[in-house]
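In what follows, a single structure is set out as C-alpha cells and then discussed.
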Amino acid sequence: MEDEVASPIDIWDLNTFDPELIALLKANEALIRDYAEEETRILALDGQRPDPSMEWPPSNPHEGDYQRLEKLLADAMAQRSIRAFHYTRLTEAEIEKLRNEGIRLSTPEFLKERLAGQVAVDAFSDEIASRLYDLSPLQNGQLDCRSNRFWLSTLPMPVDDCGARKLLSHWGGEVVYMRLKDHDLVKQVQSIGESYVIEVCVPMSSTTRTYIAGLVVIGTFVRSLGLRPEHKSLEVYITSNLPPSAILKIHTEGDVLFRSLGRSYPASYRK
C-alpha cells in the first residue's frame, strides 16, 4: 500500500463529488430519472397484479441501460477514495500505535497480540485472555467472514445509535464481545479503554464494494433530483492494511464533534 491516499468523497453527499463524477451522473440524468420514476411506479403497485397473465413484478424497461451505467459507476469508484467511519473502543497505547503504524486488518494473530498487550499492562490475566480468544467469533465459525477485514460505515451514525453504542462500549470489537455471555467477562472488556470514532480515507481499490458504492452514488444523485433512491448507504470493509495517512481524524468521547456525528447532514442529503 502506498504511503499516500487520494482525497476522499462522501458517497452520501453530492457536494463532495469531484467534477468528473458529477459529469458522468449528469450525462445520464435522463436515464437515472426514468429508471427511478419507473421503480417508484412499480413499487406503488404493491403486489396488485391487474392481469393474472402479466409478468410480476413487472420489469423496468430501462433496466439494461441502467445496468450498463451501474458498471460505469463501479469502474469510476474503483479509482476513488471515500470517507468512512470506524466505531471502536481502544486504549491510549492502541490509539498511539494506530497513529504511528496505520490500520491493520483483523486476524486471529492480531487478536492474540492485542490480548497479550492487555495482559502486559495487567488489564486482565492470561487465563482471561485465553478465554476471550477461545470465545471469539474468529475461533467459532466466522473466520472467513471476519478475518483479514476492517469494517467501516460510509454514513456517520450517532454515537448513541444501538449498533454504534455496542462497538463504543466494548473493547476489542465484535471479535471479542460478540459471543460473550459471562457477565464478568463482559464487564471486563467494557472497563478497558475509551470510545473513539475514527474517520478513514478508504481507497475503494482496497475493498470489494466498488459496485455497491456505485449504486449508493447513483442513489445520492437520485435523492438530489427529489426522487426515491434504491440504495442509501453501506458498510464497507478493507482487505489490505492502510498507512497512517489514511486516518483523517480521531474523535473521542468528550469532543464536541464526537457527539455531533450523524446528527446533521448537508442540504443535499435528503433522508
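Starting from 1 in every chain, residues are counted up; chains themselves are A, B, ... following the order of the C-alpha cells, and ligands are numbered from 1 as listed.
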Within 12 Å of region 156-163 of chain A, which residues of region 21-111 of chain A show up? Give each one with its shortest atom-to-atom distance in Å (one decimal) and the two atoms involved, counting only C-alpha atoms, rows by chain then rising residue number, as CSV.
residue,atom,partner,partner_atom,distance
A:Arg83,CA,A:Pro156,CA,9.6
A:Ala84,CA,A:Pro156,CA,7.6
A:Phe85,CA,A:Pro156,CA,6.3
A:His86,CA,A:Pro156,CA,9.1
A:Tyr87,CA,A:Val159,CA,8.4
A:Thr88,CA,A:Val159,CA,10.5
Expected file contents, prior selection, N, CA, C and O atoms, as a PDB file, in the first residue's frame:
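Saved as again-v8.pdb:
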ATOM      1  N   ARG A  83     -14.718   8.601   2.305  1.00  0.00           N
ATOM      2  CA  ARG A  83     -14.576   8.767   3.750  1.00  0.00           C
ATOM      3  C   ARG A  83     -15.510   7.776   4.434  1.00  0.00           C
ATOM      4  O   ARG A  83     -16.672   7.635   4.055  1.00  0.00           O
ATOM      5  N   ALA A  84     -14.987   7.075   5.439  1.00  0.00           N
ATOM      6  CA  ALA A  84     -15.795   6.118   6.181  1.00  0.00           C
ATOM      7  C   ALA A  84     -15.439   6.196   7.659  1.00  0.00           C
ATOM      8  O   ALA A  84     -14.450   6.828   8.043  1.00  0.00           O
ATOM      9  N   PHE A  85     -16.258   5.559   8.505  1.00  0.00           N
ATOM     10  CA  PHE A  85     -16.186   5.754   9.946  1.00  0.00           C
ATOM     11  C   PHE A  85     -16.098   4.405  10.663  1.00  0.00           C
ATOM     12  O   PHE A  85     -16.900   3.509  10.418  1.00  0.00           O
ATOM     13  N   HIS A  86     -15.117   4.300  11.549  1.00  0.00           N
ATOM     14  CA  HIS A  86     -14.920   3.085  12.334  1.00  0.00           C
ATOM     15  C   HIS A  86     -15.206   3.407  13.791  1.00  0.00           C
ATOM     16  O   HIS A  86     -14.549   4.254  14.392  1.00  0.00           O
ATOM     17  N   TYR A  87     -16.215   2.728  14.359  1.00  0.00           N
ATOM     18  CA  TYR A  87     -16.612   2.937  15.748  1.00  0.00           C
ATOM     19  C   TYR A  87     -15.953   1.857  16.602  1.00  0.00           C
ATOM     20  O   TYR A  87     -16.093   0.668  16.331  1.00  0.00           O
ATOM     21  N   THR A  88     -15.246   2.281  17.647  1.00  0.00           N
ATOM     22  CA  THR A  88     -14.435   1.314  18.370  1.00  0.00           C
ATOM     23  C   THR A  88     -14.162   1.774  19.797  1.00  0.00           C
ATOM     24  O   THR A  88     -14.507   2.898  20.184  1.00  0.00           O
TER      25      THR A  88
END
- Message: Give me the residues near region 244-248 of chain A as a ChimeraX atom specification, where near means some atom within 12 Å (using only C-alpha atoms) and where sequence neighbours in that chain fewer than 4 positions away do not count.
- Response: /A:1-8,81-86,95-104,197-203,206,238
Save the residues we just selected, C-alpha atoms, as an mmCIF file, in the first residue's frame?
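Contents of result.cif, as written:
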data_model
loop_
_atom_site.group_PDB
_atom_site.id
_atom_site.type_symbol
_atom_site.label_atom_id
_atom_site.label_comp_id
_atom_site.auth_asym_id
_atom_site.auth_seq_id
_atom_site.Cartn_x
_atom_site.Cartn_y
_atom_site.Cartn_z
ATOM 1 C CA MET A 1 0.000 0.000 0.000
ATOM 2 C CA GLU A 2 1.360 3.418 -0.896
ATOM 3 C CA ASP A 3 2.085 5.952 1.846
ATOM 4 C CA GLU A 4 -0.378 8.485 0.431
ATOM 5 C CA VAL A 5 -4.065 8.086 -0.338
ATOM 6 C CA ALA A 6 -6.250 10.266 -2.535
ATOM 7 C CA SER A 7 -8.660 12.830 -1.088
ATOM 8 C CA PRO A 8 -11.958 11.129 -0.231
ATOM 9 C CA SER A 81 -11.399 7.042 -2.223
ATOM 10 C CA ILE A 82 -14.302 7.550 0.159
ATOM 11 C CA ARG A 83 -14.576 8.767 3.750
ATOM 12 C CA ALA A 84 -15.795 6.118 6.181
ATOM 13 C CA PHE A 85 -16.186 5.754 9.946
ATOM 14 C CA HIS A 86 -14.920 3.085 12.334
ATOM 15 C CA ILE A 95 -4.501 4.884 19.538
ATOM 16 C CA GLU A 96 -0.846 5.905 19.518
ATOM 17 C CA LYS A 97 0.045 2.736 17.618
ATOM 18 C CA LEU A 98 -2.739 3.442 15.163
ATOM 19 C CA ARG A 99 -1.380 6.931 14.540
ATOM 20 C CA ASN A 100 2.149 5.616 14.020
ATOM 21 C CA GLU A 101 1.544 2.365 12.137
ATOM 22 C CA GLY A 102 -1.838 2.808 10.443
ATOM 23 C CA ILE A 103 -4.723 0.372 10.222
ATOM 24 C CA ARG A 104 -4.221 -3.364 10.492
ATOM 25 C CA VAL A 197 -14.741 7.188 16.131
ATOM 26 C CA ILE A 198 -12.031 7.049 13.502
ATOM 27 C CA GLU A 199 -12.544 8.801 10.173
ATOM 28 C CA VAL A 200 -10.701 6.956 7.438
ATOM 29 C CA CYS A 201 -9.867 7.730 3.830
ATOM 30 C CA VAL A 202 -10.665 4.406 2.166
ATOM 31 C CA PRO A 203 -9.301 3.732 -1.334
ATOM 32 C CA SER A 206 -8.726 -1.798 -1.131
ATOM 33 C CA ILE A 238 -10.929 -3.014 3.546
#
- Task: From a DSSP pass on the backbone, collect the residues of region 16-253 of chain A flagged as strand (DSSP E) and hand them back as a ChimeraX atom specification.
- Result: /A:81-90,150-153,194-203,235-238,247-252
- Message: Taking only region 34-260 of chain A into account, list the residues labelled alpha helix (DSSP H) by DSSP (computed from the backbone), as a PyMOL selection string.
- Response: chain A and resi 34-44+63-77+92-101+108-120+126-135+143-146+162-169+174-177+183-190+210-224+256-260
- Work out how far apart CA of Asp182 (chain A) and CA of Gly117 (chain A) are and give it in Å to one decimal. 21.9 Å
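Contact shell of Asp134 (chain A) at 12 Å (only C-alpha atoms; same-chain neighbours under 3 positions omitted): Pro108, Leu111, Lys112, Leu115, Glu127, Ile128, Ala129, Ser130, Arg131, Pro137, Leu138, Gln139, Asn140, Gly141, Val175, Val176, Tyr177, Arg179 and Leu180 of chain A.
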Can you build me a table of region 33-138 of chain A residues sitting at most 12 Å from region 207-210 of chain A, with the closest atom pair per residue and its distance in Å to one decimal, using only C-alpha atoms, sorted by chain and residue number, as a tab-separated table?
residue	atom	partner	partner_atom	distance
A:Glu70	CA	A:Thr210	CA	10.2
A:Lys71	CA	A:Thr210	CA	9.6
A:Leu72	CA	A:Thr210	CA	10.6
A:Leu73	CA	A:Thr210	CA	8.3
A:Ala74	CA	A:Thr210	CA	5.1
A:Asp75	CA	A:Thr210	CA	7.4
A:Ala76	CA	A:Thr210	CA	8.5
A:Met77	CA	A:Thr210	CA	5.7
A:Ala78	CA	A:Thr210	CA	5.7
A:Gln79	CA	A:Thr210	CA	9.2
A:Arg80	CA	A:Thr210	CA	9.4
A:Ser81	CA	A:Thr210	CA	10.2
A:Ile82	CA	A:Thr210	CA	10.5
Create the file for the chosen residues now, containing N, CA and C atoms and written as a PDB file, in the first residue's frame.
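Dumped everything to again06.pdb:
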ATOM      1  N   GLU A  70     -24.535   1.301 -14.115  1.00  0.00           N
ATOM      2  CA  GLU A  70     -24.027   0.792 -12.845  1.00  0.00           C
ATOM      3  C   GLU A  70     -22.594   0.295 -12.988  1.00  0.00           C
ATOM      4  N   LYS A  71     -22.319  -0.388 -14.098  1.00  0.00           N
ATOM      5  CA  LYS A  71     -20.955  -0.877 -14.333  1.00  0.00           C
ATOM      6  C   LYS A  71     -19.989   0.292 -14.503  1.00  0.00           C
ATOM      7  N   LEU A  72     -20.409   1.342 -15.208  1.00  0.00           N
ATOM      8  CA  LEU A  72     -19.562   2.522 -15.368  1.00  0.00           C
ATOM      9  C   LEU A  72     -19.255   3.174 -14.021  1.00  0.00           C
ATOM     10  N   LEU A  73     -20.265   3.258 -13.164  1.00  0.00           N
ATOM     11  CA  LEU A  73     -20.065   3.852 -11.839  1.00  0.00           C
ATOM     12  C   LEU A  73     -19.156   2.987 -10.976  1.00  0.00           C
ATOM     13  N   ALA A  74     -19.283   1.664 -11.086  1.00  0.00           N
ATOM     14  CA  ALA A  74     -18.399   0.781 -10.324  1.00  0.00           C
ATOM     15  C   ALA A  74     -16.949   0.987 -10.755  1.00  0.00           C
ATOM     16  N   ASP A  75     -16.726   1.095 -12.065  1.00  0.00           N
ATOM     17  CA  ASP A  75     -15.370   1.341 -12.568  1.00  0.00           C
ATOM     18  C   ASP A  75     -14.846   2.695 -12.092  1.00  0.00           C
ATOM     19  N   ALA A  76     -15.733   3.684 -12.070  1.00  0.00           N
ATOM     20  CA  ALA A  76     -15.327   5.018 -11.619  1.00  0.00           C
ATOM     21  C   ALA A  76     -14.967   5.007 -10.136  1.00  0.00           C
ATOM     22  N   MET A  77     -15.748   4.297  -9.330  1.00  0.00           N
ATOM     23  CA  MET A  77     -15.486   4.258  -7.896  1.00  0.00           C
ATOM     24  C   MET A  77     -14.205   3.503  -7.571  1.00  0.00           C
ATOM     25  N   ALA A  78     -13.835   2.559  -8.403  1.00  0.00           N
ATOM     26  CA  ALA A  78     -12.594   1.806  -8.174  1.00  0.00           C
ATOM     27  C   ALA A  78     -11.375   2.711  -8.229  1.00  0.00           C
ATOM     28  N   GLN A  79     -11.521   3.885  -8.842  1.00  0.00           N
ATOM     29  CA  GLN A  79     -10.413   4.838  -8.967  1.00  0.00           C
ATOM     30  C   GLN A  79     -10.466   5.918  -7.881  1.00  0.00           C
ATOM     31  N   ARG A  80     -11.415   5.821  -6.967  1.00  0.00           N
ATOM     32  CA  ARG A  80     -11.617   6.882  -5.986  1.00  0.00           C
ATOM     33  C   ARG A  80     -11.472   6.378  -4.555  1.00  0.00           C
ATOM     34  N   SER A  81     -11.419   7.339  -3.648  1.00  0.00           N
ATOM     35  CA  SER A  81     -11.399   7.042  -2.223  1.00  0.00           C
ATOM     36  C   SER A  81     -12.634   7.667  -1.583  1.00  0.00           C
ATOM     37  N   ILE A  82     -13.139   7.032  -0.544  1.00  0.00           N
ATOM     38  CA  ILE A  82     -14.302   7.550   0.159  1.00  0.00           C
ATOM     39  C   ILE A  82     -13.960   7.745   1.646  1.00  0.00           C
TER      40      ILE A  82
END
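Take CA of Val236 (chain A) and CA of Ser205 (chain A): the distance between them is 11.7 Å.
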Contact table region 176-249 of chain A vs region 26-42 of chain A, cut-off 10 Å, shortest pair per residue, only C-alpha atoms, as a Markdown table:
| residue | atom | partner | partner_atom | distance |
| --- | --- | --- | --- | --- |
| A:Ile218 | CA | A:Ile32 | CA | 7.8 |
| A:Gly219 | CA | A:Ala36 | CA | 9.2 |
| A:Phe221 | CA | A:Ile32 | CA | 8.6 |
| A:Val222 | CA | A:Arg33 | CA | 7.1 |
| A:Arg223 | CA | A:Ala36 | CA | 9.9 |
| A:Leu225 | CA | A:Arg33 | CA | 7.8 |
| A:Gly226 | CA | A:Arg33 | CA | 9.7 |
| A:Leu227 | CA | A:Ala36 | CA | 6.9 |
| A:Arg228 | CA | A:Ala36 | CA | 6.9 |
| A:Pro229 | CA | A:Ala36 | CA | 7.0 |
| A:Glu230 | CA | A:Ala36 | CA | 8.0 |
Any chance you could export the current selection's N, CA, C and O atoms as a PDB file, in the first residue's frame?
ATOM      1  N   ILE A 218     -25.198   6.641  -7.204  1.00  0.00           N
ATOM      2  CA  ILE A 218     -26.374   6.906  -8.038  1.00  0.00           C
ATOM      3  C   ILE A 218     -27.555   7.296  -7.153  1.00  0.00           C
ATOM      4  O   ILE A 218     -28.308   8.232  -7.460  1.00  0.00           O
ATOM      5  N   GLY A 219     -27.721   6.577  -6.038  1.00  0.00           N
ATOM      6  CA  GLY A 219     -28.815   6.878  -5.116  1.00  0.00           C
ATOM      7  C   GLY A 219     -28.724   8.294  -4.559  1.00  0.00           C
ATOM      8  O   GLY A 219     -29.739   8.968  -4.389  1.00  0.00           O
ATOM      9  N   PHE A 221     -27.434  10.820  -6.124  1.00  0.00           N
ATOM     10  CA  PHE A 221     -27.845  11.698  -7.225  1.00  0.00           C
ATOM     11  C   PHE A 221     -29.363  11.658  -7.388  1.00  0.00           C
ATOM     12  O   PHE A 221     -30.000  12.697  -7.599  1.00  0.00           O
ATOM     13  N   VAL A 222     -29.947  10.482  -7.288  1.00  0.00           N
ATOM     14  CA  VAL A 222     -31.407  10.338  -7.380  1.00  0.00           C
ATOM     15  C   VAL A 222     -32.075  11.165  -6.286  1.00  0.00           C
ATOM     16  O   VAL A 222     -33.073  11.855  -6.533  1.00  0.00           O
ATOM     17  N   ARG A 223     -31.526  11.127  -5.093  1.00  0.00           N
ATOM     18  CA  ARG A 223     -32.095  11.889  -3.985  1.00  0.00           C
ATOM     19  C   ARG A 223     -32.052  13.386  -4.272  1.00  0.00           C
ATOM     20  O   ARG A 223     -32.970  14.125  -3.924  1.00  0.00           O
ATOM     21  N   LEU A 225     -32.440  14.728  -7.032  1.00  0.00           N
ATOM     22  CA  LEU A 225     -33.484  15.028  -8.016  1.00  0.00           C
ATOM     23  C   LEU A 225     -34.877  15.022  -7.385  1.00  0.00           C
ATOM     24  O   LEU A 225     -35.876  15.252  -8.060  1.00  0.00           O
ATOM     25  N   GLY A 226     -34.926  14.752  -6.084  1.00  0.00           N
ATOM     26  CA  GLY A 226     -36.204  14.707  -5.387  1.00  0.00           C
ATOM     27  C   GLY A 226     -36.931  13.401  -5.570  1.00  0.00           C
ATOM     28  O   GLY A 226     -38.135  13.309  -5.319  1.00  0.00           O
ATOM     29  N   LEU A 227     -36.199  12.349  -5.989  1.00  0.00           N
ATOM     30  CA  LEU A 227     -36.799  11.044  -6.223  1.00  0.00           C
ATOM     31  C   LEU A 227     -36.322  10.059  -5.164  1.00  0.00           C
ATOM     32  O   LEU A 227     -35.407  10.329  -4.398  1.00  0.00           O
ATOM     33  N   ARG A 228     -36.931   8.888  -5.160  1.00  0.00           N
ATOM     34  CA  ARG A 228     -36.623   7.877  -4.149  1.00  0.00           C
ATOM     35  C   ARG A 228     -35.482   6.987  -4.622  1.00  0.00           C
ATOM     36  O   ARG A 228     -35.604   6.323  -5.647  1.00  0.00           O
ATOM     37  N   PRO A 229     -34.377   6.953  -3.872  1.00  0.00           N
ATOM     38  CA  PRO A 229     -33.246   6.108  -4.277  1.00  0.00           C
ATOM     39  C   PRO A 229     -33.433   4.668  -3.839  1.00  0.00           C
ATOM     40  O   PRO A 229     -34.141   4.374  -2.874  1.00  0.00           O
ATOM     41  N   GLU A 230     -32.790   3.746  -4.567  1.00  0.00           N
ATOM     42  CA  GLU A 230     -32.808   2.342  -4.169  1.00  0.00           C
ATOM     43  C   GLU A 230     -31.791   2.069  -3.067  1.00  0.00           C
ATOM     44  O   GLU A 230     -32.018   1.261  -2.186  1.00  0.00           O
TER      45      GLU A 230
END
- Selected residue of minimal separation from Val217 (chain A) among A:Asn148, A:Thr107, A:Gln118, A:Thr154, counting only C-alpha atoms: A:Thr154
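Here the question is which of A:Ile250, A:Ala123, A:Leu234, A:Leu14 gets nearest to Trp151 (chain A) using only C-alpha atoms, and that residue is A:Leu234.
The shell of residues at most 10 Å from Glu253 (chain A), with only C-alpha atoms counted and near chain neighbours (fewer than 5 positions) removed, consists of Val159, Leu168, Glu194, Ser195, Tyr196, Val197, Phe258 and Arg259 of chain A.
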Pull N, CA, C and O atoms from the residues just selected and write them as a compact mmCIF listing (two decimals), in the first residue's frame.
# COMPACT_ATOMS: atom_id res chain seq x y z
N VAL A 159 -23.51 8.51 17.95
CA VAL A 159 -22.80 7.61 18.85
C VAL A 159 -23.74 6.88 19.81
O VAL A 159 -23.32 5.90 20.45
N LEU A 168 -18.76 1.00 20.73
CA LEU A 168 -18.05 2.01 21.51
C LEU A 168 -17.89 1.61 22.98
O LEU A 168 -17.03 2.16 23.67
N GLU A 194 -11.23 3.69 25.93
CA GLU A 194 -12.22 4.75 25.77
C GLU A 194 -12.87 4.62 24.39
O GLU A 194 -12.36 3.94 23.50
N SER A 195 -14.00 5.31 24.22
CA SER A 195 -14.73 5.26 22.96
C SER A 195 -14.11 6.20 21.93
O SER A 195 -13.78 7.34 22.26
N TYR A 196 -13.99 5.72 20.69
CA TYR A 196 -13.43 6.52 19.61
C TYR A 196 -14.22 6.29 18.33
O TYR A 196 -14.74 5.19 18.10
N VAL A 197 -14.28 7.33 17.51
CA VAL A 197 -14.74 7.19 16.13
C VAL A 197 -13.60 7.64 15.24
O VAL A 197 -13.11 8.77 15.37
N PHE A 258 -17.57 14.46 18.47
CA PHE A 258 -17.94 13.09 18.80
C PHE A 258 -19.45 12.98 18.96
O PHE A 258 -20.09 12.08 18.42
N ARG A 259 -20.03 13.90 19.69
CA ARG A 259 -21.47 13.87 19.95
C ARG A 259 -22.31 14.34 18.76
O ARG A 259 -23.48 13.99 18.63
- Query: Skipping near chain neighbours, those fewer than 5 positions away, what residues fall within 8 Å of Trp171 (chain A) using only C-alpha atoms, listed as a PyMOL selection string?
  - Reply: chain A and resi 88-90+176-177+189-193
Those residues with N, CA and C atoms, as a PDB file, in the first residue's frame please?
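Below is the file that was written, again-v7.pdb:
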ATOM      1  N   THR A  88     -15.246   2.281  17.647  1.00  0.00           N
ATOM      2  CA  THR A  88     -14.435   1.314  18.370  1.00  0.00           C
ATOM      3  C   THR A  88     -14.162   1.774  19.797  1.00  0.00           C
ATOM      4  N   ARG A  89     -13.549   0.889  20.570  1.00  0.00           N
ATOM      5  CA  ARG A  89     -13.086   1.220  21.917  1.00  0.00           C
ATOM      6  C   ARG A  89     -11.632   0.771  22.008  1.00  0.00           C
ATOM      7  N   LEU A  90     -10.737   1.708  22.301  1.00  0.00           N
ATOM      8  CA  LEU A  90      -9.307   1.431  22.296  1.00  0.00           C
ATOM      9  C   LEU A  90      -8.644   2.063  23.512  1.00  0.00           C
ATOM     10  N   VAL A 176     -14.297  -9.751  19.885  1.00  0.00           N
ATOM     11  CA  VAL A 176     -14.101 -10.055  21.307  1.00  0.00           C
ATOM     12  C   VAL A 176     -15.444 -10.236  22.017  1.00  0.00           C
ATOM     13  N   TYR A 177     -16.362  -9.270  21.866  1.00  0.00           N
ATOM     14  CA  TYR A 177     -17.540  -9.280  22.734  1.00  0.00           C
ATOM     15  C   TYR A 177     -18.747 -10.030  22.170  1.00  0.00           C
ATOM     16  N   VAL A 189     -14.297  -6.404  29.464  1.00  0.00           N
ATOM     17  CA  VAL A 189     -13.968  -5.717  28.209  1.00  0.00           C
ATOM     18  C   VAL A 189     -14.594  -4.324  28.152  1.00  0.00           C
ATOM     19  N   GLN A 190     -15.648  -4.107  28.938  1.00  0.00           N
ATOM     20  CA  GLN A 190     -16.245  -2.771  28.976  1.00  0.00           C
ATOM     21  C   GLN A 190     -15.411  -1.795  29.803  1.00  0.00           C
ATOM     22  N   SER A 191     -14.545  -2.326  30.661  1.00  0.00           N
ATOM     23  CA  SER A 191     -13.764  -1.467  31.549  1.00  0.00           C
ATOM     24  C   SER A 191     -12.469  -0.977  30.910  1.00  0.00           C
ATOM     25  N   ILE A 192     -12.143  -1.480  29.739  1.00  0.00           N
ATOM     26  CA  ILE A 192     -10.859  -1.163  29.104  1.00  0.00           C
ATOM     27  C   ILE A 192     -11.033  -0.060  28.067  1.00  0.00           C
ATOM     28  N   GLY A 193     -10.117   0.897  28.064  1.00  0.00           N
ATOM     29  CA  GLY A 193     -10.053   1.893  27.002  1.00  0.00           C
ATOM     30  C   GLY A 193     -11.133   2.957  27.042  1.00  0.00           C
TER      31      GLY A 193
END
- Query: Separation of CA of Ser260 (chain A) and CA of His170 (chain A), in Å?
  - Reply: 20.9 Å
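Minimum distance to Tyr211 (chain A) across A:His251, A:Arg68, A:His183, A:Arg263 (counting only C-alpha atoms) occurs at A:Arg68.
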